[in-house]
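Structure file work00.pdb (PDB, C-alpha atoms, pLDDT in the B column) follows.
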ATOM      1  CA  MET A   1      98.277  81.959 112.775  1.00 61.00           C
ATOM      2  CA  SER A   2     101.065  83.077 115.077  1.00 78.00           C
ATOM      3  CA  LYS A   3     101.186  86.629 116.339  1.00 89.00           C
ATOM      4  CA  LYS A   4     102.822  88.850 113.809  1.00 97.00           C
ATOM      5  CA  THR A   5     104.461  92.230 113.952  1.00 98.00           C
ATOM      6  CA  LEU A   6     103.293  94.642 111.277  1.00 98.00           C
ATOM      7  CA  THR A   7     104.395  98.200 110.650  1.00 98.00           C
ATOM      8  CA  PHE A   8     102.337 100.888 108.973  1.00 98.00           C
ATOM      9  CA  ALA A   9     103.641 104.264 107.861  1.00 98.00           C
ATOM     10  CA  LEU A  10     100.896 106.846 107.496  1.00 98.00           C
ATOM     11  CA  MET A  11     101.317 110.204 105.816  1.00 98.00           C
ATOM     12  CA  ASP A  12      97.877 111.739 105.209  1.00 98.00           C
ATOM     13  CA  ALA A  13      96.464 114.483 107.416  1.00 97.00           C
ATOM     14  CA  PRO A  14      93.242 113.890 109.384  1.00 97.00           C
ATOM     15  CA  TYR A  15      89.880 114.475 107.700  1.00 96.00           C
ATOM     16  CA  GLU A  16      91.271 114.762 104.177  1.00 95.00           C
ATOM     17  CA  SER A  17      91.857 111.407 102.548  1.00 96.00           C
ATOM     18  CA  GLU A  18      90.096 108.086 102.165  1.00 97.00           C
ATOM     19  CA  ASN A  19      93.542 106.544 102.621  1.00 98.00           C
ATOM     20  CA  LEU A  20      93.104 106.959 106.364  1.00 97.00           C
ATOM     21  CA  THR A  21      89.724 105.254 106.363  1.00 97.00           C
ATOM     22  CA  THR A  22      91.345 102.267 104.701  1.00 98.00           C
ATOM     23  CA  ALA A  23      94.369 102.486 106.994  1.00 98.00           C
ATOM     24  CA  PHE A  24      92.214 102.407 110.139  1.00 98.00           C
ATOM     25  CA  ARG A  25      90.231  99.479 108.724  1.00 98.00           C
ATOM     26  CA  LEU A  26      93.487  97.556 108.234  1.00 98.00           C
ATOM     27  CA  LEU A  27      94.812  98.534 111.653  1.00 98.00           C
ATOM     28  CA  ALA A  28      91.578  97.398 113.285  1.00 98.00           C
ATOM     29  CA  ILE A  29      91.862  93.953 111.715  1.00 98.00           C
ATOM     30  CA  ALA A  30      95.453  93.586 112.851  1.00 98.00           C
ATOM     31  CA  ALA A  31      94.436  94.699 116.361  1.00 98.00           C
ATOM     32  CA  GLU A  32      91.552  92.212 116.473  1.00 98.00           C
ATOM     33  CA  ARG A  33      94.057  89.461 115.648  1.00 98.00           C
ATOM     34  CA  GLY A  34      96.235  90.458 118.580  1.00 98.00           C
ATOM     35  CA  PHE A  35      99.160  91.401 116.384  1.00 98.00           C
ATOM     36  CA  THR A  36     101.936  93.700 117.447  1.00 98.00           C
ATOM     37  CA  ILE A  37     101.385  96.893 115.486  1.00 98.00           C
ATOM     38  CA  ASN A  38     103.839  99.676 114.868  1.00 98.00           C
ATOM     39  CA  VAL A  39     102.635 102.941 113.388  1.00 98.00           C
ATOM     40  CA  PHE A  40     104.905 105.708 112.204  1.00 98.00           C
ATOM     41  CA  ALA A  41     102.738 108.789 111.661  1.00 98.00           C
ATOM     42  CA  TYR A  42     104.576 111.459 109.740  1.00 98.00           C
ATOM     43  CA  GLU A  43     103.873 114.626 107.770  1.00 97.00           C
ATOM     44  CA  GLY A  44     100.141 115.398 108.044  1.00 98.00           C
ATOM     45  CA  ALA A  45      99.442 112.099 109.776  1.00 98.00           C
ATOM     46  CA  SER A  46     101.399 113.333 112.784  1.00 98.00           C
ATOM     47  CA  ALA A  47      98.185 115.169 113.752  1.00 98.00           C
ATOM     48  CA  LEU A  48      96.074 112.018 113.923  1.00 98.00           C
ATOM     49  CA  ALA A  49      96.710 111.582 117.647  1.00 98.00           C
ATOM     50  CA  PHE A  50      96.625 115.294 118.514  1.00 98.00           C
ATOM     51  CA  ALA A  51      94.821 115.438 121.845  1.00 98.00           C
ATOM     52  CA  LYS A  52      93.096 118.793 121.402  1.00 97.00           C
ATOM     53  CA  GLN A  53      90.834 117.685 118.562  1.00 97.00           C
ATOM     54  CA  VAL A  54      87.186 118.291 119.449  1.00 95.00           C
ATOM     55  CA  PRO A  55      84.019 117.165 117.698  1.00 93.00           C
ATOM     56  CA  HIS A  56      81.880 119.927 116.270  1.00 93.00           C
ATOM     57  CA  PRO A  57      78.163 120.520 115.658  1.00 94.00           C
ATOM     58  CA  ASN A  58      76.684 120.909 112.196  1.00 94.00           C
ATOM     59  CA  PRO A  59      74.595 124.094 112.234  1.00 94.00           C
ATOM     60  CA  VAL A  60      73.847 123.787 108.526  1.00 95.00           C
ATOM     61  CA  HIS A  61      71.999 120.550 109.241  1.00 94.00           C
ATOM     62  CA  GLY A  62      70.686 121.792 112.593  1.00 96.00           C
ATOM     63  CA  LYS A  63      72.586 119.191 114.606  1.00 96.00           C
ATOM     64  CA  ASN A  64      74.307 119.734 117.939  1.00 96.00           C
ATOM     65  CA  VAL A  65      77.558 117.996 118.870  1.00 94.00           C
ATOM     66  CA  ALA A  66      75.846 114.861 120.155  1.00 94.00           C
ATOM     67  CA  GLU A  67      73.532 114.575 117.157  1.00 95.00           C
ATOM     68  CA  GLU A  68      76.352 115.142 114.686  1.00 94.00           C
ATOM     69  CA  ASN A  69      78.420 112.453 116.467  1.00 92.00           C
ATOM     70  CA  HIS A  70      81.499 113.615 114.610  1.00 88.00           C
ATOM     71  CA  PRO A  71      84.363 111.135 114.899  1.00 91.00           C
ATOM     72  CA  THR A  72      87.839 112.407 115.674  1.00 97.00           C
ATOM     73  CA  THR A  73      91.004 110.640 114.679  1.00 98.00           C
ATOM     74  CA  LYS A  74      92.394 110.974 118.217  1.00 98.00           C
ATOM     75  CA  ASP A  75      89.468 108.845 119.414  1.00 97.00           C
ATOM     76  CA  GLN A  76      90.084 106.372 116.612  1.00 98.00           C
ATOM     77  CA  VAL A  77      93.717 106.089 117.686  1.00 98.00           C
ATOM     78  CA  ALA A  78      92.674 105.574 121.314  1.00 98.00           C
ATOM     79  CA  ALA A  79      90.138 102.943 120.250  1.00 98.00           C
ATOM     80  CA  LEU A  80      92.795 101.154 118.226  1.00 98.00           C
ATOM     81  CA  LEU A  81      95.107 100.996 121.240  1.00 98.00           C
ATOM     82  CA  ALA A  82      92.287  99.651 123.405  1.00 98.00           C
ATOM     83  CA  CYS A  83      91.277  97.059 120.805  1.00 98.00           C
ATOM     84  CA  ALA A  84      94.824  95.769 120.530  1.00 98.00           C
ATOM     85  CA  GLU A  85      95.152  95.474 124.295  1.00 97.00           C
ATOM     86  CA  GLU A  86      91.820  93.638 124.604  1.00 98.00           C
ATOM     87  CA  ASN A  87      93.031  91.081 122.075  1.00 98.00           C
ATOM     88  CA  GLY A  88      96.448  90.505 123.581  1.00 97.00           C
ATOM     89  CA  GLY A  89      98.350  92.695 121.181  1.00 97.00           C
ATOM     90  CA  LYS A  90      99.877  96.113 121.434  1.00 96.00           C
ATOM     91  CA  VAL A  91     100.397  99.251 119.405  1.00 98.00           C
ATOM     92  CA  ASP A  92     103.511 101.374 119.380  1.00 98.00           C
ATOM     93  CA  TRP A  93     102.251 104.595 117.783  1.00 98.00           C
ATOM     94  CA  VAL A  94     105.029 107.078 117.021  1.00 98.00           C
ATOM     95  CA  ASN A  95     104.371 110.667 116.001  1.00 98.00           C
ATOM     96  CA  CYS A  96     107.241 112.138 114.017  1.00 98.00           C
ATOM     97  CA  GLY A  97     108.802 114.800 116.231  1.00 98.00           C
ATOM     98  CA  MET A  98     109.812 117.187 113.487  1.00 97.00           C
ATOM     99  CA  CYS A  99     106.382 116.878 111.892  1.00 98.00           C
ATOM    100  CA  VAL A 100     104.457 117.633 115.097  1.00 98.00           C
ATOM    101  CA  ASP A 101     106.689 120.586 115.909  1.00 98.00           C
ATOM    102  CA  GLU A 102     106.100 122.078 112.468  1.00 97.00           C
ATOM    103  CA  ARG A 103     102.362 121.769 112.971  1.00 97.00           C
ATOM    104  CA  GLY A 104     102.111 122.589 116.669  1.00 97.00           C
ATOM    105  CA  VAL A 105     100.395 119.278 117.366  1.00 98.00           C
ATOM    106  CA  ASN A 106     102.776 117.913 119.990  1.00 95.00           C
ATOM    107  CA  GLU A 107     100.173 116.951 122.600  1.00 97.00           C
ATOM    108  CA  PHE A 108      99.184 113.331 122.031  1.00 96.00           C
ATOM    109  CA  VAL A 109      96.549 110.949 123.301  1.00 97.00           C
ATOM    110  CA  PRO A 110      97.936 108.642 126.016  1.00 97.00           C
ATOM    111  CA  GLY A 111      99.706 105.574 124.704  1.00 97.00           C
ATOM    112  CA  THR A 112     101.299 107.288 121.742  1.00 98.00           C
ATOM    113  CA  ARG A 113     104.699 108.901 121.760  1.00 98.00           C
ATOM    114  CA  ARG A 114     107.049 111.275 120.050  1.00 98.00           C
ATOM    115  CA  GLY A 115     109.735 109.762 117.840  1.00 98.00           C
ATOM    116  CA  SER A 116     111.841 110.150 114.746  1.00 97.00           C
ATOM    117  CA  PRO A 117     112.485 108.456 111.404  1.00 96.00           C
ATOM    118  CA  ALA A 118     114.950 106.256 113.285  1.00 98.00           C
ATOM    119  CA  ASP A 119     111.915 104.605 114.868  1.00 98.00           C
ATOM    120  CA  LEU A 120     110.586 103.722 111.425  1.00 98.00           C
ATOM    121  CA  HIS A 121     113.910 102.090 110.638  1.00 98.00           C
ATOM    122  CA  ALA A 122     113.803 100.129 113.882  1.00 98.00           C
ATOM    123  CA  PHE A 123     110.180  99.143 113.253  1.00 98.00           C
ATOM    124  CA  THR A 124     111.075  97.915 109.790  1.00 97.00           C
ATOM    125  CA  GLU A 125     113.953  95.835 111.096  1.00 97.00           C
ATOM    126  CA  ALA A 126     111.722  94.209 113.723  1.00 97.00           C
ATOM    127  CA  SER A 127     108.606  93.583 111.607  1.00 98.00           C
ATOM    128  CA  ASP A 128     107.273  90.698 109.582  1.00 97.00           C
ATOM    129  CA  ASN A 129     105.980  93.200 107.055  1.00 98.00           C
ATOM    130  CA  VAL A 130     105.649  96.906 106.381  1.00 98.00           C
ATOM    131  CA  LEU A 131     103.007  98.868 104.513  1.00 98.00           C
ATOM    132  CA  VAL A 132     103.681 102.463 103.571  1.00 98.00           C
ATOM    133  CA  ILE A 133     100.539 104.408 102.696  1.00 98.00           C
ATOM    134  CA  PRO A 134     101.773 107.603 101.076  1.00 96.00           C
ATOM    135  CA  THR A 135      99.766 110.688 100.325  1.00 93.00           C
ATOM    136  CA  LYS A 136      99.045 111.537  96.695  1.00 81.00           C
TER     137      LYS A 136
ATOM    138  CA  MET B   1     109.433  82.807  93.073  1.00 90.00           C
ATOM    139  CA  SER B   2     108.267  85.576  95.354  1.00 96.00           C
ATOM    140  CA  ARG B   3     104.742  86.521  96.320  1.00 97.00           C
ATOM    141  CA  TYR B   4     103.587  90.068  95.864  1.00 98.00           C
ATOM    142  CA  MET B   5     100.547  92.054  96.836  1.00 98.00           C
ATOM    143  CA  LEU B   6     100.031  95.312  95.024  1.00 98.00           C
ATOM    144  CA  ILE B   7      97.336  97.646  96.330  1.00 98.00           C
ATOM    145  CA  GLU B   8      95.844 100.128  93.885  1.00 98.00           C
ATOM    146  CA  SER B   9      93.833 102.929  95.469  1.00 98.00           C
ATOM    147  CA  ARG B  10      93.580 105.249  92.508  1.00 97.00           C
ATOM    148  CA  ASP B  11      91.223 105.544  89.588  1.00 96.00           C
ATOM    149  CA  PRO B  12      92.979 105.055  86.234  1.00 96.00           C
ATOM    150  CA  PHE B  13      90.602 107.595  84.720  1.00 93.00           C
ATOM    151  CA  ASP B  14      92.005 110.138  87.197  1.00 94.00           C
ATOM    152  CA  SER B  15      95.644 109.085  87.582  1.00 95.00           C
ATOM    153  CA  ASN B  16      97.869 107.940  84.733  1.00 94.00           C
ATOM    154  CA  ASP B  17     100.230 106.448  87.325  1.00 95.00           C
ATOM    155  CA  VAL B  18      97.871 103.509  87.679  1.00 97.00           C
ATOM    156  CA  ALA B  19      99.258 102.163  84.412  1.00 97.00           C
ATOM    157  CA  PHE B  20     102.599 101.679  86.174  1.00 97.00           C
ATOM    158  CA  THR B  21     100.979  99.503  88.834  1.00 98.00           C
ATOM    159  CA  TYR B  22      99.238  97.436  86.181  1.00 98.00           C
ATOM    160  CA  GLY B  23     102.474  97.147  84.224  1.00 98.00           C
ATOM    161  CA  LEU B  24     104.432  96.130  87.306  1.00 98.00           C
ATOM    162  CA  ALA B  25     101.881  93.439  88.113  1.00 98.00           C
ATOM    163  CA  CYS B  26     102.087  92.018  84.588  1.00 98.00           C
ATOM    164  CA  ASP B  27     105.895  92.132  84.533  1.00 98.00           C
ATOM    165  CA  LEU B  28     106.151  90.346  87.879  1.00 98.00           C
ATOM    166  CA  VAL B  29     103.904  87.549  86.640  1.00 98.00           C
ATOM    167  CA  LYS B  30     105.921  87.249  83.448  1.00 97.00           C
ATOM    168  CA  ALA B  31     109.030  86.942  85.615  1.00 97.00           C
ATOM    169  CA  GLY B  32     107.474  83.957  87.355  1.00 97.00           C
ATOM    170  CA  HIS B  33     106.187  85.549  90.542  1.00 98.00           C
ATOM    171  CA  ASP B  34     102.812  85.131  92.195  1.00 97.00           C
ATOM    172  CA  VAL B  35     100.953  88.440  92.214  1.00 98.00           C
ATOM    173  CA  ALA B  36      97.712  89.645  93.747  1.00 98.00           C
ATOM    174  CA  LEU B  37      96.356  93.074  92.885  1.00 98.00           C
ATOM    175  CA  VAL B  38      93.967  94.444  95.489  1.00 98.00           C
ATOM    176  CA  LEU B  39      91.745  97.295  94.327  1.00 98.00           C
ATOM    177  CA  VAL B  40      90.612  99.706  97.037  1.00 98.00           C
ATOM    178  CA  GLN B  41      88.929 103.127  97.150  1.00 98.00           C
ATOM    179  CA  ASN B  42      88.633 104.633  93.662  1.00 98.00           C
ATOM    180  CA  GLY B  43      90.855 101.833  92.406  1.00 98.00           C
ATOM    181  CA  VAL B  44      87.724  99.687  92.125  1.00 98.00           C
ATOM    182  CA  LEU B  45      86.091 101.887  89.467  1.00 98.00           C
ATOM    183  CA  PRO B  46      87.641 100.146  86.432  1.00 97.00           C
ATOM    184  CA  ALA B  47      86.382  96.814  87.766  1.00 98.00           C
ATOM    185  CA  ARG B  48      82.866  97.642  86.602  1.00 97.00           C
ATOM    186  CA  ARG B  49      81.747  95.486  83.720  1.00 95.00           C
ATOM    187  CA  GLY B  50      81.619  97.654  80.628  1.00 92.00           C
ATOM    188  CA  ALA B  51      84.158 100.203  81.876  1.00 94.00           C
ATOM    189  CA  ASN B  52      86.790 101.286  79.379  1.00 93.00           C
ATOM    190  CA  ALA B  53      89.538  99.478  81.241  1.00 94.00           C
ATOM    191  CA  ASP B  54      91.974  97.863  78.843  1.00 95.00           C
ATOM    192  CA  GLY B  55      94.760  98.150  81.407  1.00 96.00           C
ATOM    193  CA  LEU B  56      92.952  96.119  84.021  1.00 97.00           C
ATOM    194  CA  ALA B  57      91.863  93.615  81.381  1.00 97.00           C
ATOM    195  CA  ALA B  58      95.510  93.082  80.476  1.00 97.00           C
ATOM    196  CA  VAL B  59      96.344  92.478  84.132  1.00 98.00           C
ATOM    197  CA  ILE B  60      93.641  89.837  84.393  1.00 98.00           C
ATOM    198  CA  LYS B  61      94.744  88.225  81.137  1.00 97.00           C
ATOM    199  CA  ALA B  62      98.340  88.104  82.375  1.00 97.00           C
ATOM    200  CA  GLY B  63      97.294  85.885  85.274  1.00 97.00           C
ATOM    201  CA  VAL B  64      97.287  88.332  88.145  1.00 98.00           C
ATOM    202  CA  ARG B  65      94.728  87.544  90.823  1.00 98.00           C
ATOM    203  CA  VAL B  66      92.599  90.687  90.977  1.00 98.00           C
ATOM    204  CA  LEU B  67      90.592  91.400  94.129  1.00 98.00           C
ATOM    205  CA  ALA B  68      88.268  94.323  94.858  1.00 98.00           C
ATOM    206  CA  ASP B  69      87.533  95.583  98.378  1.00 98.00           C
ATOM    207  CA  ASP B  70      83.855  94.979  99.038  1.00 98.00           C
ATOM    208  CA  PHE B  71      83.531  98.089 101.227  1.00 98.00           C
ATOM    209  CA  SER B  72      84.926 100.316  98.471  1.00 98.00           C
ATOM    210  CA  LEU B  73      82.560  98.684  95.986  1.00 98.00           C
ATOM    211  CA  SER B  74      79.582  99.187  98.279  1.00 98.00           C
ATOM    212  CA  GLU B  75      80.480 102.823  98.943  1.00 97.00           C
ATOM    213  CA  ARG B  76      80.358 103.431  95.201  1.00 98.00           C
ATOM    214  CA  GLY B  77      77.172 101.509  94.551  1.00 97.00           C
ATOM    215  CA  ILE B  78      78.901  98.790  92.573  1.00 97.00           C
ATOM    216  CA  ALA B  79      77.184  95.447  93.063  1.00 97.00           C
ATOM    217  CA  ASN B  80      79.233  92.269  92.868  1.00 96.00           C
ATOM    218  CA  ALA B  81      77.109  91.196  89.916  1.00 96.00           C
ATOM    219  CA  ARG B  82      78.349  94.232  87.997  1.00 96.00           C
ATOM    220  CA  LEU B  83      82.016  93.304  88.276  1.00 97.00           C
ATOM    221  CA  THR B  84      83.911  92.407  85.162  1.00 97.00           C
ATOM    222  CA  SER B  85      84.973  88.798  84.762  1.00 96.00           C
ATOM    223  CA  GLY B  86      88.212  88.044  86.543  1.00 97.00           C
ATOM    224  CA  VAL B  87      87.688  90.396  89.500  1.00 98.00           C
ATOM    225  CA  GLU B  88      86.769  88.865  92.853  1.00 98.00           C
ATOM    226  CA  PRO B  89      85.120  90.902  95.618  1.00 98.00           C
ATOM    227  CA  THR B  90      86.956  90.477  98.905  1.00 98.00           C
ATOM    228  CA  LYS B  91      87.084  91.600 102.503  1.00 98.00           C
ATOM    229  CA  ILE B  92      89.919  93.999 103.269  1.00 97.00           C
ATOM    230  CA  ASP B  93      91.201  91.341 105.665  1.00 98.00           C
ATOM    231  CA  VAL B  94      92.980  89.844 102.687  1.00 98.00           C
ATOM    232  CA  VAL B  95      95.572  92.613 102.926  1.00 98.00           C
ATOM    233  CA  ILE B  96      96.439  91.656 106.496  1.00 98.00           C
ATOM    234  CA  ASP B  97      96.497  87.987 105.452  1.00 97.00           C
ATOM    235  CA  HIS B  98      99.096  88.736 102.779  1.00 97.00           C
ATOM    236  CA  MET B  99     101.129  90.944 105.095  1.00 98.00           C
ATOM    237  CA  ALA B 100     101.122  88.310 107.822  1.00 97.00           C
ATOM    238  CA  GLU B 101     102.376  85.755 105.320  1.00 96.00           C
ATOM    239  CA  GLY B 102     105.277  88.045 104.496  1.00 96.00           C
ATOM    240  CA  HIS B 103     104.306  88.761 100.928  1.00 97.00           C
ATOM    241  CA  LYS B 104     105.986  91.767  99.392  1.00 97.00           C
ATOM    242  CA  THR B 105     103.539  94.622  99.680  1.00 97.00           C
ATOM    243  CA  LEU B 106     103.251  97.880  97.775  1.00 97.00           C
ATOM    244  CA  TRP B 107     100.552 100.578  97.996  1.00 98.00           C
ATOM    245  CA  HIS B 108      99.804 103.042  95.229  1.00 98.00           C
TER     246      HIS B 108
END
Do you think you could lay out the structure here as structure tokens?
Amino acid sequence: MSKKTLTFALMDAPYESENLTTAFRLLAIAAERGFTINVFAYEGASALAFAKQVPHPNPVHGKNVAEENHPTTKDQVAALLACAEENGGKVDWVNCGMCVDERGVNEFVPGTRRGSPADLHAFTEASDNVLVIPTK
Amino acid sequence: MSRYMLIESRDPFDSNDVAFTYGLACDLVKAGHDVALVLVQNGVLPARRGANADGLAAVIKAGVRVLADDFSLSERGIANARLTSGVEPTKIDVVIDHMAEGHKTLWH
């Protein structure tokens, strides 16, 4: 199959919805295929790549940070970018500027960038397909 | 004829909106289109054999290809052998397959 360009619009905030688990599963498959991936992260999803996320311990279960091994979405985003690059693809991950300003999450992991809804329009125009995963 | 992939992530016992997805799938088939309905997350719950799921049964009867994400099934302890007739377990890769083929895609 030829390399495709797929766009995903994500809306859910980190650590709240199974939608993001499914979204990252889909993104990982597209990355493993070396596809060109565009992501427009808006509303709560604009915090997915927020660089200041830190894993936490679980004192209730008596686990320290290493034992808890808590995943962060910023690491998942970074892993996605690395996976795409390893497979000859690329990811253009855009964090909605208005959304990050509202939330104070305008420090991103490297390889992602600030953008606007105009980027989603451009992504849509340039893509073979688009999947919008809205929040409930 | 167009090809569609509808993705249902919600449980019809929790969200009445699911009936609209089922209805859309049936209407598209009646209009001569090729339709796949992919069940993910809590959307797989009505795929259990014996569930009170007339809506999903109507979708299957209409000729929609109904697929259920195997990861979502496994998370919920639903074995493939417990699926109702007409529902196929699938890898989530099928969504990327459809997208790459340019099929019209809609998530609910």
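The interface of chain B with chain A at 7 Å, considering only C-alpha atoms, consists of Asp93, Ile96, Met99, Ala100, Gly102, Thr105, Leu106 and Trp107 of chain B.
For the file shown, the residue list from the PyMOL selection byres ((chain A and resi 110) around 12) reads Ala49, Phe50, Ala51, Lys74, Asp75, Val77, Ala78, Ala79, Leu80, Leu81, Ala82, Val91, Asp92, Trp93, Val94, Glu107, Phe108, Val109, Gly111, Thr112, Arg113 and Arg114 of chain A.
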>> Please list as JSON, numbers by chain every residue within 12 Å of B:Val40, counting all atoms listed in the file and excluding residues in the same chain fewer than 5 positions away.
In response: {"A": [18, 19, 21, 22, 23, 25, 26], "B": [6, 7, 8, 9, 10, 11, 45, 46, 47, 66, 67, 68, 69, 70, 71, 72, 73, 74, 75, 76, 89, 90, 91, 92, 94, 95, 107, 108]}
>> To test your reading of the syntax: which residues would the PyMOL selection byres ((chain B and resi 25-30) around 12) return for the file shown? Reply as number ranges by chain.
In response: B: 1-8, 18-24, 31-38, 55-66, 104-106
So for stretch 73-86 of chain B, what box centre and size do we get, axis-aligned, 6 Å extra on each of the six sides, every listed atom, Å to one decimal, as AutoDock Vina command-line options?
--center_x 82.7 --center_y 95.7 --center_z 91.9 --size_x 23.1 --size_y 27.4 --size_z 26.2
> Can you list what the PyMOL selection byres ((chain A and resi 46) around 10) grabs from this structure, as a VMD selection string?
Replying inline: chain A and resid 10 to 14 40 to 45 47 to 50 94 to 103 105 to 106 108 114
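You will find atom CA of B:Gly43 at 13.8 Å from atom CA of B:Thr84.
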>> Using Å and a single decimal, report how far atom CA of A:Gly34 sits from atom CA of A:Asn87.
In response: 4.8 Å
> atom CA of A:Leu120 to atom CA of A:Thr36: how many Å, to one decimal?
Replying inline: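 We find that atom CA of A:Leu120 and atom CA of A:Thr36 lie 14.5 Å from each other.
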